[in-house]
Amino acid sequence: MSLAPGEQRRVAFTLDPRSLSTVDDRGVRRILPGPVELWIGGGQPGGLAPGEAGSLTVTTTAILPE
């Protein structure tokens, strides 16, 4: 979806647990508590493409199945 210059829309999406996980040095995939930075847009933060930043805080720890 594209927006015209100045156009605004509200979006909603779900991040599944795997999207918030990391893999440790033993190969265990887990979710760790702490801040998570989100970037939504056409490029990476600090790049030339516009986008929006946001953040959330993970408050629990979980080990995910393989």
# chains A, B, ... in the order shown; residues from 1 in each chain; ligands from 1
>>> residues_around(residues="Pro17 in chain A", least_positions_apart="4", cutoff="9 Å", atoms="only C-alpha atoms", output="ChimeraX atom specification")
/A:21,30-31,62,64
>>> select_by_dssp(residues="chain A", states="strand (DSSP E)", output="list in words")
Thr22, Val23, Arg29, Arg30, Ile31, Gly34, Pro35, Val36, Glu37, Leu38, Trp39, Ile40, Gly41, Gly51, Glu52, Ala53, Gly54, Ser55, Leu56, Thr57, Val58, Ala62 and Ile63 of chain A
>>> closest_residue(among="A:Val11, A:Leu48, A:Val58, A:Leu20", to="Gly34 in chain A", atoms="only C-alpha atoms")
A:Val58
>>> residues_around(residues="Val36 in chain A", least_positions_apart="4", cutoff="12 Å", atoms="only C-alpha atoms", output="list in words")
Leu15, Ser19, Leu20, Ser21, Thr22, Ile31, Leu32, Ala53, Gly54, Ser55, Leu56, Thr57, Val58 and Thr59 of chain A
>>> atom_distance(atom1="CA of Ile40 in chain A", atom2="CA of Glu52 in chain A")
5.3 Å
>>> atom_distance(atom1="CA of Arg18 in chain A", atom2="CA of Gly51 in chain A")
23.3 Å
